[in-house]
Amino acid sequence: MAAFLKAAQEEGICVEYSESYYRTQPRSKLERVANVIRRSTARVIVTFLAAADIKFIFEELTRQPPPPLQWIGSETWIIDPDILRFNLCAGAIGFGIPRSVIPGLREFLLDLSPAQALKSPLLTEFWESSFSCSLKGSSEGARECDGSEDIRALQNPYTDTSQLRITNMVYKATYAIAHAIHGVICNDTQCDKNAKFTPWKILDQLKRVNFTTKNGYQVSFDSNGDPVAVYELINWQVKKDGGLEIVTVGQYDSSRPRGQEFSMSRAISWMGEQTEVQYNTSCTVLEDALNCVQCPPEFWPNTQQDSCLPKPVEFLSWDDTLSIILVAFSISGAFIAGNGRKWRLW
């Protein structure tokens, strides 16, 4: 947060206010934050909030919608399809993990039978809630599943593999670890499946992996252990039916030549469905209440609680009352300890 505020100041952007909110806080805090947004003259809001937190704010703002605002979202909620139901977010922009398609995943998910679902409590719950029936040997009180259920006809997040973002990160991470293990237990001719190794060997090998996944993503790490930074610029645009959809309008790729990392693929639809950005030098900042860093022992936070300041050092003089008391106790303690050692020697 401190880094963003500094960058905003350098660009001549005025931050009208900065508020924090977390979903476990009392409703009075939520109402206060919503009222601050409604009364604000700033038309741009930058948010550093989790999807579960921003959802509460949007629900509260829907009760009494403010004027159109330009929302700049963090990755956690700008790619969340569940929040698309809030039309007040039309025109929202933000960077998110690239969308991808994992070859074979949809077919794997749809190749699920009632017998397979019954083997897993999680899949059993999914099957029964999706088809409103009861698998044999499971919960009672509902009609028994008869095998006519068609999982391919379902329209829910389980069968929708068109917005795989974090899932693709897990996919790449799994293959990265697999390549690292392969590098440890295998040589050019054979693999020793019974080989013993420490986690540190896997970590060392993980830094050296360099491969391309089946869906075209290159996986490698730099000297700091970081992968290539690739993000999509996301824009929430209004569809013909009035609803919102997630649209990719640009991309950032740190592996590209300097000055060419960022590229645009289509026009941005801003708040109010405007096609041109409206110049505004003020903005608002919303953040997660728990998104903070504890100050070191010799520092304490400033009044804005956005940076740490050194604690003032106070020195005692010999004529201070506290100094006299401390010296007296120190001498007394040393005298008692000395007598105790003499007593034990006798």
# chains A, B, ... in the order shown; residues from 1 in each chain; ligands from 1

call {"tool": "residues_around", "arguments": {"residues": "Leu30 in chain A", "least_positions_apart": "3", "cutoff": "12 Å", "atoms": "only C-alpha atoms", "output": "number ranges by chain"}}
result
A: 19-27, 33-37, 53-61, 286, 289

call {"tool": "residues_around", "arguments": {"residues": "range 159-165 of chain A", "least_positions_apart": "3", "cutoff": "8 Å", "atoms": "only C-alpha atoms", "output": "ChimeraX atom specification"}}
result
/A:97-102,105-106,109-110,152,154-156,168-169

call {"tool": "write_last_selection", "arguments": {"atoms": "N, CA and C atoms", "output": "CSV table (one decimal), in the first residue's frame"}}
result
chain,number,residue,atom,x,y,z
A,97,ILE,N,-4.5,-13.4,-13.7
A,97,ILE,CA,-3.8,-14.6,-14.3
A,97,ILE,C,-4.4,-14.9,-15.6
A,98,PRO,N,-3.6,-15.2,-16.6
A,98,PRO,CA,-4.1,-15.5,-17.9
A,98,PRO,C,-5.1,-16.7,-17.9
A,99,ARG,N,-6.1,-16.6,-18.8
A,99,ARG,CA,-7.1,-17.6,-18.9
A,99,ARG,C,-6.5,-18.7,-19.9
A,100,SER,N,-6.8,-19.9,-19.6
A,100,SER,CA,-6.2,-21.0,-20.4
A,100,SER,C,-7.1,-22.2,-20.5
A,101,VAL,N,-6.8,-23.1,-21.4
A,101,VAL,CA,-7.5,-24.3,-21.6
A,101,VAL,C,-6.6,-25.5,-21.3
A,102,ILE,N,-6.9,-26.4,-20.4
A,102,ILE,CA,-6.1,-27.5,-20.1
A,102,ILE,C,-6.5,-28.7,-20.9
A,105,LEU,N,-8.9,-31.9,-19.7
A,105,LEU,CA,-9.5,-31.7,-18.4
A,105,LEU,C,-11.0,-31.8,-18.4
A,106,ARG,N,-11.6,-31.1,-19.4
A,106,ARG,CA,-13.1,-31.2,-19.5
A,106,ARG,C,-13.6,-32.6,-19.7
A,109,LEU,N,-13.3,-34.5,-16.4
A,109,LEU,CA,-14.4,-34.1,-15.5
A,109,LEU,C,-15.7,-34.7,-15.8
A,110,LEU,N,-16.0,-34.8,-17.1
A,110,LEU,CA,-17.3,-35.3,-17.6
A,110,LEU,C,-17.4,-36.8,-17.6
A,152,ARG,N,-23.1,-34.0,-18.7
A,152,ARG,CA,-22.7,-33.1,-19.8
A,152,ARG,C,-23.8,-32.0,-20.0
A,154,LEU,N,-25.1,-30.3,-17.6
A,154,LEU,CA,-25.0,-29.4,-16.5
A,154,LEU,C,-24.4,-28.1,-16.9
A,155,GLN,N,-24.8,-27.0,-16.4
A,155,GLN,CA,-24.2,-25.7,-16.6
A,155,GLN,C,-23.9,-25.1,-15.2
A,156,ASN,N,-22.7,-25.4,-14.8
A,156,ASN,CA,-22.2,-24.9,-13.5
A,156,ASN,C,-20.7,-24.8,-13.5
A,168,ASN,N,-4.9,-23.4,-13.9
A,168,ASN,CA,-3.7,-23.6,-14.7
A,168,ASN,C,-2.4,-23.4,-14.0
A,169,MET,N,-2.4,-22.5,-13.0
A,169,MET,CA,-1.2,-22.3,-12.2
A,169,MET,C,-0.9,-23.6,-11.4

call {"tool": "closest_residue", "arguments": {"among": "A:Phe4, A:Thr284, A:Ser330, A:Val228", "to": "Ile72 in chain A", "atoms": "only C-alpha atoms"}}
result
A:Thr284

call {"tool": "select_by_dssp", "arguments": {"residues": "range 1-71 of chain A", "states": "alpha helix (DSSP H)", "output": "ChimeraX atom specification"}}
result
/A:2-10,27-39,51-63

call {"tool": "closest_residue", "arguments": {"among": "A:Cys308, A:Val170, A:Cys283, A:Leu112", "to": "Leu5 in chain A", "atoms": "only C-alpha atoms"}}
result
A:Cys283

call {"tool": "decode", "arguments": {"residues": "range 114-138 of chain A", "atoms": "N, CA and C atoms", "output": "CSV table (one decimal), in the first residue's frame"}}
result
chain,number,residue,atom,x,y,z
A,114,PRO,N,-22.1,-42.4,-11.6
A,114,PRO,CA,-22.6,-42.5,-10.3
A,114,PRO,C,-21.8,-43.4,-9.4
A,115,ALA,N,-21.3,-44.5,-9.9
A,115,ALA,CA,-20.5,-45.4,-9.1
A,115,ALA,C,-19.2,-44.7,-8.7
A,116,GLN,N,-18.6,-44.0,-9.6
A,116,GLN,CA,-17.4,-43.2,-9.2
A,116,GLN,C,-17.6,-42.2,-8.2
A,117,ALA,N,-18.7,-41.5,-8.4
A,117,ALA,CA,-19.1,-40.4,-7.4
A,117,ALA,C,-19.3,-40.9,-6.0
A,118,LEU,N,-19.9,-42.1,-5.9
A,118,LEU,CA,-20.2,-42.7,-4.6
A,118,LEU,C,-19.0,-43.0,-3.8
A,119,LYS,N,-17.8,-43.1,-4.5
A,119,LYS,CA,-16.6,-43.5,-3.8
A,119,LYS,C,-16.0,-42.3,-3.0
A,120,SER,N,-16.5,-41.1,-3.3
A,120,SER,CA,-15.9,-39.9,-2.7
A,120,SER,C,-17.0,-39.1,-2.1
A,121,PRO,N,-16.9,-38.7,-0.8
A,121,PRO,CA,-18.0,-37.9,-0.2
A,121,PRO,C,-18.2,-36.6,-0.9
A,122,LEU,N,-17.1,-36.0,-1.4
A,122,LEU,CA,-17.2,-34.7,-2.1
A,122,LEU,C,-17.9,-34.8,-3.4
A,123,LEU,N,-17.6,-35.9,-4.2
A,123,LEU,CA,-18.3,-36.1,-5.4
A,123,LEU,C,-19.7,-36.5,-5.2
A,124,THR,N,-20.0,-37.3,-4.1
A,124,THR,CA,-21.3,-37.7,-3.8
A,124,THR,C,-22.2,-36.5,-3.5
A,125,GLU,N,-21.7,-35.5,-2.8
A,125,GLU,CA,-22.4,-34.3,-2.5
A,125,GLU,C,-22.7,-33.5,-3.7
A,126,PHE,N,-21.6,-33.4,-4.6
A,126,PHE,CA,-21.8,-32.7,-5.9
A,126,PHE,C,-22.9,-33.3,-6.7
A,127,TRP,N,-22.8,-34.7,-6.9
A,127,TRP,CA,-23.8,-35.4,-7.7
A,127,TRP,C,-25.2,-35.2,-7.2
A,128,GLU,N,-25.4,-35.3,-5.9
A,128,GLU,CA,-26.7,-35.3,-5.4
A,128,GLU,C,-27.3,-33.8,-5.4
A,129,SER,N,-26.5,-32.8,-5.2
A,129,SER,CA,-27.0,-31.5,-5.2
A,129,SER,C,-27.2,-31.0,-6.6
A,130,SER,N,-26.5,-31.5,-7.6
A,130,SER,CA,-26.6,-31.1,-9.0
A,130,SER,C,-27.9,-31.7,-9.6
A,131,PHE,N,-28.2,-33.0,-9.2
A,131,PHE,CA,-29.3,-33.7,-9.9
A,131,PHE,C,-30.5,-33.9,-8.9
A,132,SER,N,-30.4,-33.3,-7.7
A,132,SER,CA,-31.5,-33.4,-6.7
A,132,SER,C,-32.0,-34.9,-6.6
A,133,CYS,N,-31.0,-35.8,-6.4
A,133,CYS,CA,-31.4,-37.2,-6.2
A,133,CYS,C,-30.4,-37.7,-5.2
A,134,SER,N,-30.7,-39.0,-4.7
A,134,SER,CA,-29.8,-39.6,-3.7
A,134,SER,C,-29.2,-40.8,-4.3
A,135,LEU,N,-27.9,-40.9,-4.2
A,135,LEU,CA,-27.1,-42.1,-4.6
A,135,LEU,C,-27.4,-43.3,-3.6
A,136,LYS,N,-27.4,-44.5,-4.1
A,136,LYS,CA,-27.6,-45.6,-3.3
A,136,LYS,C,-26.6,-45.7,-2.1
A,137,GLY,N,-27.1,-45.8,-0.9
A,137,GLY,CA,-26.3,-46.0,0.2
A,137,GLY,C,-25.9,-44.6,0.8
A,138,SER,N,-26.4,-43.5,0.2
A,138,SER,CA,-26.1,-42.2,0.8
A,138,SER,C,-27.3,-41.6,1.5
